[in-house]
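Visitor: If you scroll down you'll find the structure; I have some questions about it.
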Amino acid sequence: MNHIFGCPMHYGVGAPGLINSLDYLQSFCPELDIDILPEITRPEENLSNLKHLNSVIASCSQIAESGYHALCKGESPLYITGDHSSAIGSVSAAGTYCEDLGLIWIDAHPDINTDKTTVTGNIHGMPVAALIGMGEQSLTRILSDKPKVKPSNIVMLGLRDIDPPEMAFLNKLHIRYYTWQQMATLGIQRCIDETLQYLSHLQNVHISFDIDVMDPAYLPGVSVPVPGGLLEEEAFTLMHQLLTGLPVISCDIVEFNKDYDISDRTATFARQMAHQILTDF
Ligand SMILES: NC(=[NH2+])NCCC[C@H](N)C(=O)O
């Protein structure tokens, strides 16, 4: 059975449009039964270069606990959230629930900065680092102290905005990734086939889908748009094959920002993607 969690997080990037974007999606998709986990605000001591750290920890902990509970009941959680720091919660749930989790990160950004490498201080640029146990300890220790995923169990698809220290981490840790440019050169089908093969030994996989992987020329409703990106048909093909070809236990759809959307194009895409995930799960 599916369980849709709605997590209206914005502190991981600070984009005000994210505060109301989930409410907007909820009224736009009344057929989706979204279980809202409200964003939590905590006092910040400003001791860290990470923006809104205490609030992000509190919201991610709430997501992790709720998601873990759902997984233990045999449910398949879909998290529709604001900024991508929410994946620290959702993937911590999956990685605590099972031993050897696979993680597919579909995004324009690898989100593998740490407190030492971040330029922006935005925690939505750090979830992958936190999940493999790197960087600020309060983010690596959500739900349990152990790393939630091994670098060798990660595949990233669609990257096209990689900070230099992030590139160094990807190479040093031998994380498998396909940039958007490589996907165009190799062909999407080959990238899908290689991803399925690379993760085929795993019993549990989480897919984290950031809407900014899409081409903002068509789907502009995101906080950090990057030129280029996937077309809708490509994204649906990709997700359908990954969801039906691997034992996917949970998924995220993140970063919809209604303030930048035009004529509900991105909202419509988010809704269709949610339906595709719920069908294929
Ligand atoms: N999930 C996202 N949209 N991440 C964007 C991250 C951008 C930049 N690399 C940063 O660390 O701030």
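Here, A, B, ... name the chains of the structure tokens in the order displayed, residue numbers run from 1 inside each chain, and ligands are numbered from 1 in the same displayed order.
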Mind checking which residues fall within 7 Å of Leu131 of chain A, counting only C-alpha atoms, ignoring those fewer than 3 positions away in the same chain, and posting them as an MDAnalysis selection string?
Guide: chainID A and resid 88 92 127:128 140 147:149
Visitor: Give me, as CSV, the closest atom pair and its distance (Å, one decimal) for every residue of segment 163-220 of chain A within a cut-off of 12 Å of segment 104-107 of chain A, counting only C-alpha atoms, rows sorted by chain and rising number.
Guide:
```
residue,atom,partner,partner_atom,distance
A:Ile175,CA,A:Trp105,CA,11.0
A:Arg176,CA,A:Ile104,CA,9.9
A:Tyr177,CA,A:Trp105,CA,8.9
A:Tyr178,CA,A:Ile106,CA,9.6
A:Thr179,CA,A:Asp107,CA,9.4
A:Trp180,CA,A:Asp107,CA,9.3
A:Met183,CA,A:Ile106,CA,11.9
A:Ile192,CA,A:Ile104,CA,11.0
A:Thr195,CA,A:Ile104,CA,8.6
A:Leu196,CA,A:Ile104,CA,10.3
A:Tyr198,CA,A:Ile104,CA,11.0
A:Leu199,CA,A:Ile104,CA,9.3
A:Asn204,CA,A:Ile104,CA,11.1
A:Val205,CA,A:Ile104,CA,7.5
A:His206,CA,A:Ile104,CA,6.3
A:Ile207,CA,A:Ile104,CA,4.8
A:Ser208,CA,A:Trp105,CA,5.1
A:Phe209,CA,A:Ile106,CA,4.9
A:Asp210,CA,A:Asp107,CA,5.0
A:Ile211,CA,A:Asp107,CA,7.1
A:Asp212,CA,A:Asp107,CA,6.2
A:Val213,CA,A:Asp107,CA,4.4
A:Met214,CA,A:Asp107,CA,8.1
A:Asp215,CA,A:Asp107,CA,11.0
```
Visitor: How about saving the chosen residues, N, CA and C atoms kept, as a PDB file, in the first residue's frame?
Guide:
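Everything below was put into again_18.pdb:
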```
ATOM      1  N   ILE A 175      31.544   7.323  -7.168  1.00  0.00           N
ATOM      2  CA  ILE A 175      30.075   7.293  -7.295  1.00  0.00           C
ATOM      3  C   ILE A 175      29.720   7.255  -8.774  1.00  0.00           C
ATOM      4  N   ARG A 176      28.830   6.336  -9.132  1.00  0.00           N
ATOM      5  CA  ARG A 176      28.408   6.202 -10.527  1.00  0.00           C
ATOM      6  C   ARG A 176      27.478   7.369 -10.883  1.00  0.00           C
ATOM      7  N   TYR A 177      27.797   8.115 -11.904  1.00  0.00           N
ATOM      8  CA  TYR A 177      26.899   9.205 -12.296  1.00  0.00           C
ATOM      9  C   TYR A 177      26.862   9.360 -13.809  1.00  0.00           C
ATOM     10  N   TYR A 178      25.744   9.888 -14.276  1.00  0.00           N
ATOM     11  CA  TYR A 178      25.579  10.242 -15.682  1.00  0.00           C
ATOM     12  C   TYR A 178      25.163  11.701 -15.724  1.00  0.00           C
ATOM     13  N   THR A 179      25.960  12.526 -16.360  1.00  0.00           N
ATOM     14  CA  THR A 179      25.530  13.913 -16.529  1.00  0.00           C
ATOM     15  C   THR A 179      24.413  13.936 -17.581  1.00  0.00           C
ATOM     16  N   TRP A 180      23.727  15.064 -17.627  1.00  0.00           N
ATOM     17  CA  TRP A 180      22.687  15.208 -18.650  1.00  0.00           C
ATOM     18  C   TRP A 180      23.324  15.119 -20.045  1.00  0.00           C
ATOM     19  N   MET A 183      23.971  11.579 -20.865  1.00  0.00           N
ATOM     20  CA  MET A 183      22.714  10.881 -21.196  1.00  0.00           C
ATOM     21  C   MET A 183      22.327  11.160 -22.641  1.00  0.00           C
ATOM     22  N   ILE A 192      19.698   3.836 -18.593  1.00  0.00           N
ATOM     23  CA  ILE A 192      18.734   3.075 -17.783  1.00  0.00           C
ATOM     24  C   ILE A 192      19.235   1.634 -17.626  1.00  0.00           C
ATOM     25  N   THR A 195      22.107   1.385 -15.284  1.00  0.00           N
ATOM     26  CA  THR A 195      21.685   1.616 -13.886  1.00  0.00           C
ATOM     27  C   THR A 195      21.017   0.356 -13.324  1.00  0.00           C
ATOM     28  N   LEU A 196      20.135  -0.238 -14.114  1.00  0.00           N
ATOM     29  CA  LEU A 196      19.439  -1.453 -13.657  1.00  0.00           C
ATOM     30  C   LEU A 196      20.461  -2.552 -13.362  1.00  0.00           C
ATOM     31  N   TYR A 198      23.719  -2.162 -12.679  1.00  0.00           N
ATOM     32  CA  TYR A 198      24.629  -1.759 -11.599  1.00  0.00           C
ATOM     33  C   TYR A 198      24.009  -2.007 -10.216  1.00  0.00           C
ATOM     34  N   LEU A 199      22.674  -1.837 -10.121  1.00  0.00           N
ATOM     35  CA  LEU A 199      22.006  -1.989  -8.818  1.00  0.00           C
ATOM     36  C   LEU A 199      21.273  -3.322  -8.686  1.00  0.00           C
ATOM     37  N   ASN A 204      16.608  -3.452  -2.038  1.00  0.00           N
ATOM     38  CA  ASN A 204      15.820  -2.263  -1.662  1.00  0.00           C
ATOM     39  C   ASN A 204      16.456  -1.020  -2.278  1.00  0.00           C
ATOM     40  N   VAL A 205      15.623  -0.245  -2.951  1.00  0.00           N
ATOM     41  CA  VAL A 205      16.133   0.951  -3.627  1.00  0.00           C
ATOM     42  C   VAL A 205      15.199   2.130  -3.332  1.00  0.00           C
ATOM     43  N   HIS A 206      15.792   3.308  -3.121  1.00  0.00           N
ATOM     44  CA  HIS A 206      15.025   4.548  -2.988  1.00  0.00           C
ATOM     45  C   HIS A 206      15.343   5.417  -4.208  1.00  0.00           C
ATOM     46  N   ILE A 207      14.315   6.029  -4.794  1.00  0.00           N
ATOM     47  CA  ILE A 207      14.532   6.965  -5.906  1.00  0.00           C
ATOM     48  C   ILE A 207      14.185   8.374  -5.438  1.00  0.00           C
ATOM     49  N   SER A 208      15.134   9.295  -5.610  1.00  0.00           N
ATOM     50  CA  SER A 208      14.898  10.686  -5.236  1.00  0.00           C
ATOM     51  C   SER A 208      14.869  11.520  -6.512  1.00  0.00           C
ATOM     52  N   PHE A 209      13.706  12.051  -6.823  1.00  0.00           N
ATOM     53  CA  PHE A 209      13.506  12.777  -8.085  1.00  0.00           C
ATOM     54  C   PHE A 209      13.359  14.263  -7.804  1.00  0.00           C
ATOM     55  N   ASP A 210      14.362  15.035  -8.228  1.00  0.00           N
ATOM     56  CA  ASP A 210      14.311  16.496  -8.074  1.00  0.00           C
ATOM     57  C   ASP A 210      13.793  17.070  -9.390  1.00  0.00           C
ATOM     58  N   ILE A 211      12.729  17.855  -9.309  1.00  0.00           N
ATOM     59  CA  ILE A 211      12.107  18.373 -10.535  1.00  0.00           C
ATOM     60  C   ILE A 211      13.067  19.273 -11.317  1.00  0.00           C
ATOM     61  N   ASP A 212      14.134  19.769 -10.650  1.00  0.00           N
ATOM     62  CA  ASP A 212      15.063  20.606 -11.422  1.00  0.00           C
ATOM     63  C   ASP A 212      15.936  19.810 -12.390  1.00  0.00           C
ATOM     64  N   VAL A 213      15.787  18.497 -12.420  1.00  0.00           N
ATOM     65  CA  VAL A 213      16.443  17.702 -13.474  1.00  0.00           C
ATOM     66  C   VAL A 213      15.789  17.974 -14.837  1.00  0.00           C
ATOM     67  N   MET A 214      14.566  18.501 -14.784  1.00  0.00           N
ATOM     68  CA  MET A 214      13.817  18.755 -16.020  1.00  0.00           C
ATOM     69  C   MET A 214      14.276  20.065 -16.658  1.00  0.00           C
ATOM     70  N   ASP A 215      14.044  20.181 -17.950  1.00  0.00           N
ATOM     71  CA  ASP A 215      14.436  21.398 -18.673  1.00  0.00           C
ATOM     72  C   ASP A 215      13.539  22.561 -18.225  1.00  0.00           C
TER      73      ASP A 215
END
```
Visitor: So, with only C-alpha atoms as the atoms that count, which of A:Ile4, A:Arg160, A:Cys191, A:Asp259 lies closest to Thr237 of chain A?
Guide: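 Distance minimum relative to Thr237 of chain A lands on A:Cys191.
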Visitor: Could you pull out the residues sitting within 6 Å of ligand 1, using only C-alpha atoms and all ligand atoms, and write them as a ChimeraX atom specification?
Guide: /A:84,109,111,113,118,120,122,124-125,163,224
Visitor: I'd like to know which of A:Leu186, A:Leu22, A:Ile112, A:Ile57 is closest to Glu166 of chain A, using only C-alpha atoms.
Guide: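 With only C-alpha atoms as the atom set, the closest residue is A:Ile112.
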Visitor: Give me, as a PyMOL selection string, all polymer residues having an atom no more than 7 Å from segment 264-269 of chain A, counting only C-alpha atoms and skipping those fewer than 4 positions away in the same chain.
Guide: chain A and resi 25+219-221+273
Visitor: Since we have the selection now, will you write its residues out, keeping N, CA and C atoms, as a short mmCIF file (atom, residue, chain, number, x, y, z; two decimals), in the first residue's frame?
Guide:
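What landed in again-v4.cif:
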```cif
data_model
loop_
_atom_site.label_atom_id
_atom_site.label_comp_id
_atom_site.auth_asym_id
_atom_site.auth_seq_id
_atom_site.Cartn_x
_atom_site.Cartn_y
_atom_site.Cartn_z
N LEU A 25 -0.06 22.39 -4.30
CA LEU A 25 -0.13 21.09 -4.98
C LEU A 25 -1.29 20.25 -4.43
N LEU A 219 9.54 23.46 -17.88
CA LEU A 219 9.03 23.31 -16.52
C LEU A 219 9.81 24.25 -15.59
N PRO A 220 9.39 25.48 -15.49
CA PRO A 220 10.19 26.49 -14.77
C PRO A 220 9.97 26.53 -13.25
N GLY A 221 9.05 25.75 -12.73
CA GLY A 221 8.67 25.89 -11.32
C GLY A 221 9.60 25.22 -10.33
N MET A 273 3.75 12.81 -12.43
CA MET A 273 4.84 11.97 -11.94
C MET A 273 4.40 11.21 -10.68
#
```
Visitor: Return as JSON lines the residues of segment 34-134 of chain A lying at most 10 Å from segment 247-258 of chain A, together with the closest atom-to-atom pair for each and the distance in Å to one decimal, counting only C-alpha atoms, with rows in chain order and ascending residue number.
Guide:
```
{"residue": "A:Gly67", "atom": "CA", "partner": "A:Ser250", "partner_atom": "CA", "distance": 8.9}
{"residue": "A:Leu71", "atom": "CA", "partner": "A:Ile249", "partner_atom": "CA", "distance": 8.0}
{"residue": "A:Gly74", "atom": "CA", "partner": "A:Ile249", "partner_atom": "CA", "distance": 9.4}
{"residue": "A:Glu75", "atom": "CA", "partner": "A:Ile249", "partner_atom": "CA", "distance": 8.4}
{"residue": "A:Ser76", "atom": "CA", "partner": "A:Ser250", "partner_atom": "CA", "distance": 5.5}
{"residue": "A:Pro77", "atom": "CA", "partner": "A:Ser250", "partner_atom": "CA", "distance": 5.0}
{"residue": "A:Leu78", "atom": "CA", "partner": "A:Cys251", "partner_atom": "CA", "distance": 4.9}
{"residue": "A:Tyr79", "atom": "CA", "partner": "A:Asp252", "partner_atom": "CA", "distance": 4.6}
{"residue": "A:Ile80", "atom": "CA", "partner": "A:Ile253", "partner_atom": "CA", "distance": 4.9}
{"residue": "A:Thr81", "atom": "CA", "partner": "A:Val254", "partner_atom": "CA", "distance": 5.0}
{"residue": "A:Gly82", "atom": "CA", "partner": "A:Glu255", "partner_atom": "CA", "distance": 4.9}
{"residue": "A:Asp83", "atom": "CA", "partner": "A:Glu255", "partner_atom": "CA", "distance": 4.8}
{"residue": "A:His84", "atom": "CA", "partner": "A:Val254", "partner_atom": "CA", "distance": 5.8}
{"residue": "A:Ser85", "atom": "CA", "partner": "A:Val254", "partner_atom": "CA", "distance": 9.2}
{"residue": "A:Ser86", "atom": "CA", "partner": "A:Val254", "partner_atom": "CA", "distance": 8.1}
{"residue": "A:Ala87", "atom": "CA", "partner": "A:Asp252", "partner_atom": "CA", "distance": 7.3}
{"residue": "A:Ser90", "atom": "CA", "partner": "A:Asp252", "partner_atom": "CA", "distance": 7.6}
{"residue": "A:Val91", "atom": "CA", "partner": "A:Ser250", "partner_atom": "CA", "distance": 8.4}
{"residue": "A:Ala93", "atom": "CA", "partner": "A:Ser250", "partner_atom": "CA", "distance": 9.4}
{"residue": "A:Ala94", "atom": "CA", "partner": "A:Ser250", "partner_atom": "CA", "distance": 7.3}
{"residue": "A:Cys98", "atom": "CA", "partner": "A:Ile249", "partner_atom": "CA", "distance": 10.0}
{"residue": "A:Leu101", "atom": "CA", "partner": "A:Ile249", "partner_atom": "CA", "distance": 9.6}
{"residue": "A:Gly102", "atom": "CA", "partner": "A:Val248", "partner_atom": "CA", "distance": 8.8}
{"residue": "A:Leu103", "atom": "CA", "partner": "A:Val248", "partner_atom": "CA", "distance": 9.4}
{"residue": "A:Ile104", "atom": "CA", "partner": "A:Cys251", "partner_atom": "CA", "distance": 9.4}
{"residue": "A:Trp105", "atom": "CA", "partner": "A:Asp252", "partner_atom": "CA", "distance": 9.7}
{"residue": "A:Ile106", "atom": "CA", "partner": "A:Ile253", "partner_atom": "CA", "distance": 9.8}
{"residue": "A:Asp107", "atom": "CA", "partner": "A:Val254", "partner_atom": "CA", "distance": 9.7}
{"residue": "A:His124", "atom": "CA", "partner": "A:Glu255", "partner_atom": "CA", "distance": 9.5}
```
Visitor: Please run DSSP on the backbone and report, as a PyMOL selection string, all residues within segment 28-246 of chain A that come out as strand (DSSP E).
Guide: chain A and resi 34-36+76-81+101-106+154-159+176-179+204-210
Visitor: Generate the output file for the selected residues, C-alpha atoms, as a PDB file, in the first residue's frame.
Guide:
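Listing of selection02.pdb after writing:
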```
ATOM      1  CA  ILE A  34      -1.447  13.571   1.148  1.00  0.00           C
ATOM      2  CA  ASP A  35      -0.494  13.114   4.790  1.00  0.00           C
ATOM      3  CA  ILE A  36       1.075  16.463   5.704  1.00  0.00           C
ATOM      4  CA  SER A  76       5.584   2.231   0.261  1.00  0.00           C
ATOM      5  CA  PRO A  77       6.195   5.893   1.073  1.00  0.00           C
ATOM      6  CA  LEU A  78       6.128   8.618  -1.577  1.00  0.00           C
ATOM      7  CA  TYR A  79       7.408  11.923  -0.179  1.00  0.00           C
ATOM      8  CA  ILE A  80       6.264  15.040  -2.016  1.00  0.00           C
ATOM      9  CA  THR A  81       8.306  17.797  -0.454  1.00  0.00           C
ATOM     10  CA  LEU A 101      20.012   0.379   0.322  1.00  0.00           C
ATOM     11  CA  GLY A 102      20.420   1.497  -3.292  1.00  0.00           C
ATOM     12  CA  LEU A 103      19.889   5.198  -4.030  1.00  0.00           C
ATOM     13  CA  ILE A 104      19.031   6.689  -7.424  1.00  0.00           C
ATOM     14  CA  TRP A 105      19.501  10.462  -7.420  1.00  0.00           C
ATOM     15  CA  ILE A 106      17.776  12.111 -10.388  1.00  0.00           C
ATOM     16  CA  ILE A 154      24.406   5.234  -5.583  1.00  0.00           C
ATOM     17  CA  VAL A 155      23.609   6.169  -9.188  1.00  0.00           C
ATOM     18  CA  MET A 156      23.059   9.826 -10.148  1.00  0.00           C
ATOM     19  CA  LEU A 157      21.313  10.800 -13.368  1.00  0.00           C
ATOM     20  CA  GLY A 158      20.863  14.134 -15.130  1.00  0.00           C
ATOM     21  CA  LEU A 159      23.630  16.152 -13.425  1.00  0.00           C
ATOM     22  CA  ARG A 176      28.408   6.202 -10.527  1.00  0.00           C
ATOM     23  CA  TYR A 177      26.899   9.205 -12.296  1.00  0.00           C
ATOM     24  CA  TYR A 178      25.579  10.242 -15.682  1.00  0.00           C
ATOM     25  CA  THR A 179      25.530  13.913 -16.529  1.00  0.00           C
ATOM     26  CA  ASN A 204      15.820  -2.263  -1.662  1.00  0.00           C
ATOM     27  CA  VAL A 205      16.133   0.951  -3.627  1.00  0.00           C
ATOM     28  CA  HIS A 206      15.025   4.548  -2.988  1.00  0.00           C
ATOM     29  CA  ILE A 207      14.532   6.965  -5.906  1.00  0.00           C
ATOM     30  CA  SER A 208      14.898  10.686  -5.236  1.00  0.00           C
ATOM     31  CA  PHE A 209      13.506  12.777  -8.085  1.00  0.00           C
ATOM     32  CA  ASP A 210      14.311  16.496  -8.074  1.00  0.00           C
TER      33      ASP A 210
END
```
Visitor: Interatomic distance between atom CA of Ala184 of chain A and atom CA of Leu242 of chain A?
Guide: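 Result for atom CA of Ala184 of chain A versus atom CA of Leu242 of chain A: 18.0 Å, one decimal.
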Visitor: Got a sec to tell me which of segment 10-80 of chain A DSSP assigns to alpha helix (DSSP H), as a ChimeraX atom specification?
Guide: /A:17-28,53-72
Visitor: May I have the residues from that selection written out with N, CA and C atoms, as a short mmCIF file (atom, residue, chain, number, x, y, z; two decimals), in the first residue's frame?
Guide:
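See again.cif below for the written result:
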```cif
data_model
loop_
_atom_site.label_atom_id
_atom_site.label_comp_id
_atom_site.auth_asym_id
_atom_site.auth_seq_id
_atom_site.Cartn_x
_atom_site.Cartn_y
_atom_site.Cartn_z
N GLY A 17 8.83 30.82 -1.82
CA GLY A 17 7.77 30.16 -2.61
C GLY A 17 7.49 28.75 -2.16
N LEU A 18 8.48 28.11 -1.53
CA LEU A 18 8.29 26.71 -1.12
C LEU A 18 7.34 26.59 0.06
N ILE A 19 7.16 27.68 0.81
CA ILE A 19 6.33 27.60 2.02
C ILE A 19 4.90 27.20 1.66
N ASN A 20 4.39 27.75 0.56
CA ASN A 20 3.00 27.46 0.19
C ASN A 20 2.87 26.49 -0.99
N SER A 21 3.98 26.02 -1.52
CA SER A 21 3.90 25.21 -2.74
C SER A 21 3.22 23.87 -2.51
N LEU A 22 3.43 23.29 -1.34
CA LEU A 22 2.80 21.99 -1.10
C LEU A 22 1.29 22.14 -0.92
N ASP A 23 0.87 23.19 -0.21
CA ASP A 23 -0.57 23.47 -0.08
C ASP A 23 -1.18 23.63 -1.46
N TYR A 24 -0.44 24.34 -2.30
CA TYR A 24 -0.93 24.57 -3.65
C TYR A 24 -1.08 23.25 -4.39
N LEU A 25 -0.06 22.39 -4.30
CA LEU A 25 -0.13 21.09 -4.98
C LEU A 25 -1.29 20.25 -4.43
N GLN A 26 -1.48 20.36 -3.11
CA GLN A 26 -2.55 19.57 -2.50
C GLN A 26 -3.91 19.97 -3.06
N SER A 27 -4.11 21.27 -3.25
CA SER A 27 -5.41 21.66 -3.82
C SER A 27 -5.45 21.41 -5.32
N PHE A 28 -4.28 21.38 -5.95
CA PHE A 28 -4.21 21.10 -7.38
C PHE A 28 -4.45 19.61 -7.67
N LEU A 53 20.05 25.29 10.39
CA LEU A 53 20.42 23.89 10.68
C LEU A 53 19.44 23.21 11.63
N ASN A 54 19.10 23.86 12.75
CA ASN A 54 18.26 23.20 13.75
C ASN A 54 16.86 22.89 13.21
N SER A 55 16.34 23.81 12.40
CA SER A 55 15.01 23.59 11.83
C SER A 55 15.05 22.44 10.83
N VAL A 56 16.10 22.40 10.02
CA VAL A 56 16.21 21.30 9.04
C VAL A 56 16.34 19.96 9.75
N ILE A 57 17.14 19.92 10.81
CA ILE A 57 17.30 18.66 11.56
C ILE A 57 15.94 18.21 12.10
N ALA A 58 15.19 19.16 12.68
CA ALA A 58 13.90 18.79 13.28
C ALA A 58 12.93 18.26 12.22
N SER A 59 12.84 18.93 11.08
CA SER A 59 11.91 18.47 10.04
C SER A 59 12.35 17.14 9.45
N CYS A 60 13.66 16.99 9.22
CA CYS A 60 14.15 15.72 8.66
C CYS A 60 13.94 14.57 9.64
N SER A 61 14.10 14.84 10.93
CA SER A 61 13.89 13.78 11.92
C SER A 61 12.43 13.33 11.91
N GLN A 62 11.55 14.31 11.79
CA GLN A 62 10.12 13.97 11.74
C GLN A 62 9.80 13.11 10.49
N ILE A 63 10.37 13.50 9.35
CA ILE A 63 10.15 12.73 8.12
C ILE A 63 10.72 11.32 8.29
N ALA A 64 11.94 11.23 8.85
CA ALA A 64 12.60 9.93 8.99
C ALA A 64 11.77 9.01 9.89
N GLU A 65 11.28 9.54 11.00
CA GLU A 65 10.52 8.70 11.92
C GLU A 65 9.20 8.24 11.29
N SER A 66 8.51 9.16 10.62
CA SER A 66 7.22 8.79 10.00
C SER A 66 7.44 7.80 8.87
N GLY A 67 8.48 8.02 8.07
CA GLY A 67 8.76 7.13 6.95
C GLY A 67 9.17 5.75 7.42
N TYR A 68 9.98 5.71 8.47
CA TYR A 68 10.43 4.43 9.01
C TYR A 68 9.24 3.62 9.52
N HIS A 69 8.34 4.29 10.20
CA HIS A 69 7.12 3.67 10.70
C HIS A 69 6.30 3.07 9.57
N ALA A 70 6.16 3.86 8.50
CA ALA A 70 5.38 3.41 7.34
C ALA A 70 6.03 2.17 6.72
N LEU A 71 7.34 2.20 6.56
CA LEU A 71 8.05 1.04 5.98
C LEU A 71 7.86 -0.20 6.85
N CYS A 72 7.92 -0.02 8.16
CA CYS A 72 7.76 -1.16 9.07
C CYS A 72 6.36 -1.76 8.96
#
```
Visitor: Could you tell me how far atom CA of Met1 of chain A lies from atom CA of Thr279 of chain A, in Å and to one decimal?
Guide: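 It comes out at 11.0 Å.
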Visitor: Rounded to one decimal in Å, what is the spacing between atom CA of Pro216 of chain A and atom CA of Ile262 of chain A?
Guide: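 Atom-to-atom, atom CA of Pro216 of chain A to atom CA of Ile262 of chain A, that is 10.5 Å.
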Visitor: Which residue out of A:Val222, A:Met167, A:Leu173, A:Glu136 has the minimum interatomic distance to Tyr260 of chain A when only C-alpha atoms are used?
Guide: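 Selected residue with least distance to Tyr260 of chain A: A:Val222.
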Visitor: When you look at Leu50 of chain A with a cut-off of 7 Å (counting only C-alpha atoms), what residues show up, excluding the ones that are within fewer than 6 positions of it in the same chain? I need them as a ChimeraX atom specification.
Guide: /A:115,121-123
Visitor: In terms of the shortest atom-to-atom distance over only C-alpha atoms, which of A:Glu234, A:Gly187, A:His10, A:Cys29 is closest to Gln272 of chain A?
Guide: A:Cys29
